[in-house]
Amino acid sequence: MNEKFNKLGFYPADILLPKDADMTKWAVVACDQFTSQPEYWQAVEETVGDAPSTLRLILPEAKLNGPDVDSDIAAINASMKQYLDGDVFKTLPGSLIYIERTQSDGKVRHGLIGMVDLDQYDFTPGSGALIRATEGTVLSRIPPRVKVRQDAPIELPHVMLLIDDPDKTVIEPLTAASGDMEKLYDFDLQQGGGHLKGWKLTEGQMDGVAEALTGLCADSEMQKKYGMSGVAPLLFAVGDGNHSLATAKQCYENLKKVTPESEWASLPARYALVEVVNNHDDALGFEPIHRVLFNVDHEDFMAAFKAAYPNAYEGRGEGHVIEVVWKGHDECITVPDPKVQLAVGTLQGVIDEYLKSHSGEVDYIHGDEVTKELGSKPGNMGFLLPAMGKEQLFKTVMADGVLPRKTFSMGHAQDKRYYVEARKIK
């Protein structure tokens, strides 16, 4: 491993890419998207057909609690082995990949693919780890995801880590230097996902990345950006895929229990492939993640909401403003005396308490129109939340720990990471 990365928790990786595939069919969107829209995944299925595709290597979360989940997982693992044995992949040893993703809005987002050391990641609120969660981790969501990963011979990442690099020292210098790199792919993404290009960094460029990341860890940086000195540096904040990374962490911790400590460093499962993006990338926008309740009585729920916040009133005002939608209804409600910092926390606390004693389910939805459409169906309710300013993210995590789960999303669903790269974990 490149020793310059040793104290950063981030390294070049042995990255797998398909040797000869239709890349548009190969790449599919992150498995946790479009969970309430089966027609999206059906369209992906029809586009892919029998071609080699990451669709055969991932489990859409819409199927995670389905009746056939065990056979689905077995089929995924079998496909992974078939692809490995069938020489579908080529290996890029000890590599970092610079990517340019043209989003659905036409803006270009810049990223860096490498792997993180799971010993340097901790999702516990208040952790001093180099890599930290930004939102609350729901422990009950990890075991079913462990079932998907624990026997898998390879991983495919939809994890996106953020760096707080306002001076644009790490990733942005690569943009002008892409002509010095080997181009790996350049193709349109299916289902309105935009376009993706990728290049392999040179040795000198990887050294430059390591030096720039080291600079972000300096105490002077912590003081300048957060007004804190002598604190454990926060280098990477998980922007997308926290439960995926937490699952990788749990699988690694399980392996440690049956592996001599002297061998931990050589376990492929100690690391996880990720994309790193600058929080200050011009194309990166923070979108609110809305809520939809299914199979609930809206009058009953609103009574519970007003019991939790007696001063709440209909209409827009000072405080936390939440738009509430059900069949024939679309109005805002204001909580003038919130007990927490963000409107998402105000709402989520009521939802969690309500579902403990009532039937119904909640889903987390990207996009205003989809939320309104789903919320307007009989027996459903939709809640549209305001966006959080992205400049608040690192400082809030440093000062207060994690945000409420599903507080924000980086862009629309079709702009999420598409699976392209893979890595052996066994």
# chains A, B, ... in the order shown; residues from 1 in each chain; ligands from 1
$ closest_atom_pairs --of "region 70-178 of chain A" --to "region 256-269 of chain A" --cutoff "12 Å" --atoms "only C-alpha atoms" --output "tab-separated table"
residue	atom	partner	partner_atom	distance
A:Met115	CA	A:Pro268	CA	10.5
A:Val116	CA	A:Ala269	CA	10.6
A:Asp117	CA	A:Ala269	CA	9.3
A:Leu118	CA	A:Ala269	CA	8.5
A:Asp119	CA	A:Ala265	CA	9.6
A:Arg149	CA	A:Ala269	CA	10.1
A:Gln150	CA	A:Ala269	CA	9.5
A:Asp151	CA	A:Ala269	CA	11.0
A:Ala152	CA	A:Ala269	CA	10.4
A:Pro153	CA	A:Ala269	CA	9.7
A:Ile154	CA	A:Ala269	CA	9.5
A:Glu155	CA	A:Ala269	CA	9.4
$ select_by_dssp --residues "region 39-236 of chain A" --states "strand (DSSP E or B)" --output "number ranges by chain"
A: 89-95, 97-102, 108-117, 121-122, 131-132, 135, 154-155, 160-163, 182-188, 195-200, 236
$ residues_around --residues "Val277 (chain A)" --least-positions-apart "3" --cutoff "7 Å" --atoms "only C-alpha atoms" --output "MDAnalysis selection string"
chainID A and resid 110:112 160:163
$ closest_atom_pairs --of "region 288-363 of chain A" --to "region 34-50 of chain A" --cutoff "12 Å" --atoms "only C-alpha atoms" --output "Markdown table"
| residue | atom | partner | partner_atom | distance |
| --- | --- | --- | --- | --- |
| A:Arg291 | CA | A:Ser36 | CA | 11.8 |
| A:Val292 | CA | A:Ser36 | CA | 10.1 |
| A:Leu293 | CA | A:Ser36 | CA | 11.8 |
| A:Phe294 | CA | A:Ser36 | CA | 10.9 |
| A:Glu361 | CA | A:Ser36 | CA | 11.9 |
| A:Val362 | CA | A:Ser36 | CA | 10.8 |
| A:Asp363 | CA | A:Ser36 | CA | 7.9 |
$ write_last_selection --atoms "N, CA, C and O atoms" --output "short mmCIF file (atom, residue, chain, number, x, y, z; two decimals), in the first residue's frame"
data_model
loop_
_atom_site.label_atom_id
_atom_site.label_comp_id
_atom_site.auth_asym_id
_atom_site.auth_seq_id
_atom_site.Cartn_x
_atom_site.Cartn_y
_atom_site.Cartn_z
N ARG A 291 -40.97 12.26 3.69
CA ARG A 291 -41.54 11.07 4.30
C ARG A 291 -42.92 10.80 3.72
O ARG A 291 -43.69 11.73 3.46
N VAL A 292 -43.24 9.53 3.55
CA VAL A 292 -44.60 9.11 3.23
C VAL A 292 -45.01 8.02 4.21
O VAL A 292 -44.26 7.05 4.42
N LEU A 293 -46.15 8.21 4.84
CA LEU A 293 -46.73 7.17 5.70
C LEU A 293 -47.76 6.39 4.89
O LEU A 293 -48.59 6.99 4.18
N PHE A 294 -47.73 5.08 5.01
CA PHE A 294 -48.65 4.21 4.30
C PHE A 294 -49.59 3.54 5.30
O PHE A 294 -49.17 3.15 6.40
N GLU A 361 -46.65 2.10 7.85
CA GLU A 361 -45.23 2.06 7.51
C GLU A 361 -44.79 3.43 7.01
O GLU A 361 -45.60 4.21 6.51
N VAL A 362 -43.48 3.70 7.13
CA VAL A 362 -42.92 4.94 6.62
C VAL A 362 -41.89 4.61 5.55
O VAL A 362 -41.18 3.61 5.64
N ASP A 363 -41.83 5.44 4.51
CA ASP A 363 -40.76 5.33 3.52
C ASP A 363 -40.17 6.72 3.32
O ASP A 363 -40.82 7.74 3.59
#
$ closest_residue --among "A:Val170, A:Glu182, A:Lys416, A:Ala283" --to "Asp105 (chain A)" --atoms "only C-alpha atoms"
A:Ala283
$ residues_around --residues "Asp22 (chain A)" --least-positions-apart "5" --cutoff "10 Å" --atoms "only C-alpha atoms" --output "NGL selection string"
:A and (27 or 48 or 51-53 or 187)
$ write_last_selection --atoms "C-alpha atoms" --output "CSV table (one decimal), in the first residue's frame"
chain,number,residue,atom,x,y,z
A,27,ALA,CA,-24.2,0.3,-14.6
A,48,VAL,CA,-30.4,-5.1,-19.2
A,51,ALA,CA,-26.2,-8.7,-20.8
A,52,PRO,CA,-23.5,-8.6,-18.0
A,53,SER,CA,-24.7,-6.0,-15.5
A,187,PHE,CA,-20.8,6.4,-21.5
$ select_by_dssp --residues "region 212-421 of chain A" --states "alpha helix (DSSP H)" --output "PyMOL selection string"
chain A and resi 212-216+219-226+242-256+298-308+343-357+368-375+393-400
$ closest_residue --among "A:Ser79, A:Thr124, A:Gln223, A:Asn2" --to "Gly136 (chain A)" --atoms "only C-alpha atoms"
A:Thr124
$ residues_around --residues "Leu201 (chain A)" --least-positions-apart "2" --cutoff "7 Å" --atoms "only C-alpha atoms" --output "list of chain:residue names"
A:Ser95, A:Leu96, A:Ile97, A:Tyr98, A:Met181, A:Trp199, A:Glu203, A:Gln205, A:Met206
$ write_last_selection --atoms "N, CA and C atoms" --output "compact mmCIF listing (two decimals), in the first residue's frame"
# COMPACT_ATOMS: atom_id res chain seq x y z
N SER A 95 -5.09 1.31 -7.34
CA SER A 95 -5.52 2.44 -8.17
C SER A 95 -6.51 3.35 -7.45
N LEU A 96 -6.51 4.61 -7.88
CA LEU A 96 -7.58 5.56 -7.61
C LEU A 96 -8.18 5.96 -8.96
N ILE A 97 -9.49 6.18 -8.98
CA ILE A 97 -10.16 6.57 -10.21
C ILE A 97 -10.82 7.94 -10.00
N TYR A 98 -10.50 8.86 -10.90
CA TYR A 98 -11.15 10.17 -10.92
C TYR A 98 -12.36 10.08 -11.85
N MET A 181 -4.04 11.19 -17.66
CA MET A 181 -4.46 9.90 -17.12
C MET A 181 -4.96 8.97 -18.22
N TRP A 199 -11.16 8.10 -15.13
CA TRP A 199 -9.74 8.03 -15.48
C TRP A 199 -8.95 7.43 -14.33
N GLU A 203 0.80 7.70 -10.57
CA GLU A 203 1.43 7.60 -9.24
C GLU A 203 1.63 8.99 -8.63
N GLN A 205 -0.05 11.71 -9.21
CA GLN A 205 -1.34 12.29 -8.83
C GLN A 205 -1.86 11.68 -7.53
N MET A 206 -1.62 10.37 -7.34
CA MET A 206 -2.03 9.74 -6.09
C MET A 206 -1.25 10.33 -4.91
$ residues_around --residues "Glu221 (chain A)" --least-positions-apart "3" --cutoff "12 Å" --atoms "only C-alpha atoms" --output "compact mmCIF listing (two decimals) with N, CA and C atoms, in the first residue's frame"
# COMPACT_ATOMS: atom_id res chain seq x y z
N ASP A 164 -14.48 18.26 3.46
CA ASP A 164 -14.77 19.69 3.61
C ASP A 164 -13.54 20.45 3.13
N ASP A 165 -13.52 20.73 1.82
CA ASP A 165 -12.33 21.27 1.15
C ASP A 165 -12.68 22.55 0.39
N PRO A 166 -12.94 23.64 1.12
CA PRO A 166 -13.37 24.87 0.45
C PRO A 166 -12.32 25.43 -0.51
N ASP A 167 -11.04 25.16 -0.26
CA ASP A 167 -9.99 25.65 -1.15
C ASP A 167 -9.76 24.73 -2.35
N ALA A 212 -2.67 16.39 -0.08
CA ALA A 212 -3.77 17.33 0.12
C ALA A 212 -4.71 16.87 1.23
N LEU A 213 -4.99 15.56 1.29
CA LEU A 213 -5.84 15.04 2.36
C LEU A 213 -5.17 15.21 3.72
N THR A 214 -3.86 15.02 3.76
CA THR A 214 -3.11 15.23 5.01
C THR A 214 -3.27 16.68 5.48
N GLY A 215 -3.25 17.60 4.53
CA GLY A 215 -3.43 19.01 4.88
C GLY A 215 -4.79 19.29 5.49
N LEU A 216 -5.83 18.57 5.05
CA LEU A 216 -7.18 18.78 5.59
C LEU A 216 -7.29 18.31 7.04
N CYS A 217 -6.37 17.46 7.47
CA CYS A 217 -6.41 16.94 8.85
C CYS A 217 -5.70 17.86 9.84
N ALA A 218 -5.02 18.88 9.37
CA ALA A 218 -4.22 19.74 10.25
C ALA A 218 -5.09 20.46 11.27
N LYS A 224 -9.71 26.83 11.71
CA LYS A 224 -10.19 27.79 10.71
C LYS A 224 -11.64 27.51 10.31
N LYS A 225 -11.97 26.24 10.12
CA LYS A 225 -13.29 25.91 9.60
C LYS A 225 -14.35 25.76 10.69
N TYR A 226 -13.94 25.27 11.88
CA TYR A 226 -14.94 24.94 12.89
C TYR A 226 -14.74 25.67 14.22
N GLY A 227 -13.67 26.47 14.30
CA GLY A 227 -13.40 27.17 15.56
C GLY A 227 -13.02 26.23 16.68
N MET A 228 -12.43 25.07 16.34
CA MET A 228 -12.05 24.07 17.34
C MET A 228 -10.57 23.74 17.17
N SER A 229 -9.86 23.64 18.29
CA SER A 229 -8.44 23.29 18.27
C SER A 229 -8.20 22.13 19.22
N GLY A 230 -7.24 21.28 18.86
CA GLY A 230 -6.92 20.16 19.72
C GLY A 230 -7.96 19.06 19.71
N VAL A 231 -8.79 19.02 18.66
CA VAL A 231 -9.84 18.00 18.56
C VAL A 231 -9.45 16.96 17.52
N ALA A 232 -10.07 15.79 17.63
CA ALA A 232 -9.83 14.75 16.64
C ALA A 232 -10.36 15.22 15.29
N PRO A 233 -9.55 15.19 14.24
CA PRO A 233 -10.00 15.71 12.94
C PRO A 233 -11.09 14.83 12.33
N LEU A 234 -12.03 15.48 11.67
CA LEU A 234 -13.04 14.80 10.87
C LEU A 234 -12.64 14.99 9.41
N LEU A 235 -12.18 13.91 8.77
CA LEU A 235 -11.72 14.01 7.38
C LEU A 235 -12.83 13.65 6.40
$ closest_atom_pairs --of "region 252-343 of chain A" --to "region 391-402 of chain A" --cutoff "12 Å" --atoms "only C-alpha atoms" --output "CSV"
residue,atom,partner,partner_atom,distance
A:Asn278,CA,A:Glu391,CA,11.7
A:Asn279,CA,A:Glu391,CA,8.1
A:His280,CA,A:Glu391,CA,8.4
A:Asp281,CA,A:Glu391,CA,11.6
A:Leu284,CA,A:Glu391,CA,11.5
A:Gly285,CA,A:Glu391,CA,10.7
A:Phe286,CA,A:Glu391,CA,9.8
A:Val340,CA,A:Asp400,CA,11.6
A:Gln341,CA,A:Thr396,CA,10.2
A:Leu342,CA,A:Gln392,CA,11.2
$ write_last_selection --atoms "all heavy atoms" --output "PDB file, in the first residue's frame"
ATOM      1  N   ASN A 278     -16.063  16.413  -2.877  1.00  0.00           N
ATOM      2  CA  ASN A 278     -15.894  17.629  -2.089  1.00  0.00           C
ATOM      3  C   ASN A 278     -17.263  18.222  -1.752  1.00  0.00           C
ATOM      4  O   ASN A 278     -18.084  18.457  -2.641  1.00  0.00           O
ATOM      5  CB  ASN A 278     -15.056  18.650  -2.866  1.00  0.00           C
ATOM      6  CG  ASN A 278     -14.724  19.885  -2.052  1.00  0.00           C
ATOM      7  OD1 ASN A 278     -15.032  19.983  -0.858  1.00  0.00           O
ATOM      8  ND2 ASN A 278     -14.082  20.852  -2.688  1.00  0.00           N
ATOM      9  N   ASN A 279     -17.487  18.482  -0.476  1.00  0.00           N
ATOM     10  CA  ASN A 279     -18.722  19.106  -0.034  1.00  0.00           C
ATOM     11  C   ASN A 279     -18.981  20.427  -0.769  1.00  0.00           C
ATOM     12  O   ASN A 279     -20.126  20.867  -0.889  1.00  0.00           O
ATOM     13  CB  ASN A 279     -18.644  19.353   1.484  1.00  0.00           C
ATOM     14  CG  ASN A 279     -19.960  19.759   2.094  1.00  0.00           C
ATOM     15  OD1 ASN A 279     -21.004  19.248   1.723  1.00  0.00           O
ATOM     16  ND2 ASN A 279     -19.917  20.687   3.039  1.00  0.00           N
ATOM     17  N   HIS A 280     -17.907  21.049  -1.261  1.00  0.00           N
ATOM     18  CA  HIS A 280     -18.019  22.343  -1.926  1.00  0.00           C
ATOM     19  C   HIS A 280     -18.039  22.229  -3.451  1.00  0.00           C
ATOM     20  O   HIS A 280     -17.912  23.250  -4.137  1.00  0.00           O
ATOM     21  CB  HIS A 280     -16.868  23.250  -1.474  1.00  0.00           C
ATOM     22  CG  HIS A 280     -16.873  23.496   0.004  1.00  0.00           C
ATOM     23  ND1 HIS A 280     -17.601  24.503   0.588  1.00  0.00           N
ATOM     24  CD2 HIS A 280     -16.275  22.827   1.020  1.00  0.00           C
ATOM     25  CE1 HIS A 280     -17.429  24.466   1.902  1.00  0.00           C
ATOM     26  NE2 HIS A 280     -16.643  23.455   2.182  1.00  0.00           N
ATOM     27  N   ASP A 281     -18.205  21.023  -3.967  1.00  0.00           N
ATOM     28  CA  ASP A 281     -18.365  20.848  -5.409  1.00  0.00           C
ATOM     29  C   ASP A 281     -19.594  21.631  -5.858  1.00  0.00           C
ATOM     30  O   ASP A 281     -20.674  21.508  -5.264  1.00  0.00           O
ATOM     31  CB  ASP A 281     -18.532  19.353  -5.732  1.00  0.00           C
ATOM     32  CG  ASP A 281     -18.448  19.054  -7.221  1.00  0.00           C
ATOM     33  OD1 ASP A 281     -19.278  19.606  -7.979  1.00  0.00           O
ATOM     34  OD2 ASP A 281     -17.571  18.280  -7.630  1.00  0.00           O
ATOM     35  N   LEU A 284     -22.856  19.764  -6.358  1.00  0.00           N
ATOM     36  CA  LEU A 284     -23.419  19.012  -5.233  1.00  0.00           C
ATOM     37  C   LEU A 284     -24.464  19.860  -4.525  1.00  0.00           C
ATOM     38  O   LEU A 284     -24.143  20.910  -3.965  1.00  0.00           O
ATOM     39  CB  LEU A 284     -22.319  18.619  -4.254  1.00  0.00           C
ATOM     40  CG  LEU A 284     -22.731  17.693  -3.112  1.00  0.00           C
ATOM     41  CD1 LEU A 284     -23.104  16.326  -3.649  1.00  0.00           C
ATOM     42  CD2 LEU A 284     -21.604  17.564  -2.095  1.00  0.00           C
ATOM     43  N   GLY A 285     -25.705  19.414  -4.567  1.00  0.00           N
ATOM     44  CA  GLY A 285     -26.776  20.105  -3.858  1.00  0.00           C
ATOM     45  C   GLY A 285     -27.375  19.207  -2.801  1.00  0.00           C
ATOM     46  O   GLY A 285     -27.453  17.996  -2.981  1.00  0.00           O
ATOM     47  N   PHE A 286     -27.779  19.797  -1.699  1.00  0.00           N
ATOM     48  CA  PHE A 286     -28.444  19.025  -0.656  1.00  0.00           C
ATOM     49  C   PHE A 286     -29.945  19.104  -0.862  1.00  0.00           C
ATOM     50  O   PHE A 286     -30.521  20.191  -0.874  1.00  0.00           O
ATOM     51  CB  PHE A 286     -28.091  19.567   0.734  1.00  0.00           C
ATOM     52  CG  PHE A 286     -26.775  19.081   1.264  1.00  0.00           C
ATOM     53  CD1 PHE A 286     -25.877  18.422   0.455  1.00  0.00           C
ATOM     54  CD2 PHE A 286     -26.428  19.284   2.598  1.00  0.00           C
ATOM     55  CE1 PHE A 286     -24.663  17.968   0.933  1.00  0.00           C
ATOM     56  CE2 PHE A 286     -25.219  18.836   3.098  1.00  0.00           C
ATOM     57  CZ  PHE A 286     -24.333  18.176   2.269  1.00  0.00           C
ATOM     58  N   VAL A 340     -35.921  20.372  18.763  1.00  0.00           N
ATOM     59  CA  VAL A 340     -34.661  19.984  18.132  1.00  0.00           C
ATOM     60  C   VAL A 340     -34.293  21.013  17.078  1.00  0.00           C
ATOM     61  O   VAL A 340     -35.067  21.941  16.800  1.00  0.00           O
ATOM     62  CB  VAL A 340     -34.765  18.575  17.502  1.00  0.00           C
ATOM     63  CG1 VAL A 340     -34.934  17.510  18.577  1.00  0.00           C
ATOM     64  CG2 VAL A 340     -35.926  18.513  16.509  1.00  0.00           C
ATOM     65  N   GLN A 341     -33.107  20.853  16.477  1.00  0.00           N
ATOM     66  CA  GLN A 341     -32.570  21.881  15.592  1.00  0.00           C
ATOM     67  C   GLN A 341     -33.206  21.913  14.210  1.00  0.00           C
ATOM     68  O   GLN A 341     -33.337  22.966  13.611  1.00  0.00           O
ATOM     69  CB  GLN A 341     -31.046  21.687  15.435  1.00  0.00           C
ATOM     70  CG  GLN A 341     -30.263  21.913  16.713  1.00  0.00           C
ATOM     71  CD  GLN A 341     -30.420  23.328  17.239  1.00  0.00           C
ATOM     72  OE1 GLN A 341     -30.234  24.286  16.521  1.00  0.00           O
ATOM     73  NE2 GLN A 341     -30.782  23.441  18.511  1.00  0.00           N
ATOM     74  N   LEU A 342     -33.595  20.743  13.694  1.00  0.00           N
ATOM     75  CA  LEU A 342     -34.037  20.651  12.303  1.00  0.00           C
ATOM     76  C   LEU A 342     -35.478  20.150  12.217  1.00  0.00           C
ATOM     77  O   LEU A 342     -35.922  19.336  13.040  1.00  0.00           O
ATOM     78  CB  LEU A 342     -33.128  19.712  11.514  1.00  0.00           C
ATOM     79  CG  LEU A 342     -31.642  20.106  11.434  1.00  0.00           C
ATOM     80  CD1 LEU A 342     -30.838  18.978  10.804  1.00  0.00           C
ATOM     81  CD2 LEU A 342     -31.466  21.396  10.644  1.00  0.00           C
TER      82      LEU A 342
END
$ residues_around --residues "Arg417 (chain A)" --least-positions-apart "2" --cutoff "7 Å" --atoms "only C-alpha atoms" --output "PyMOL selection string"
chain A and resi 29-30+158+415+419
$ atom_distance --atom1 "CA of Ile73 (chain A)" --atom2 "CA of Leu245 (chain A)"
18.4 Å
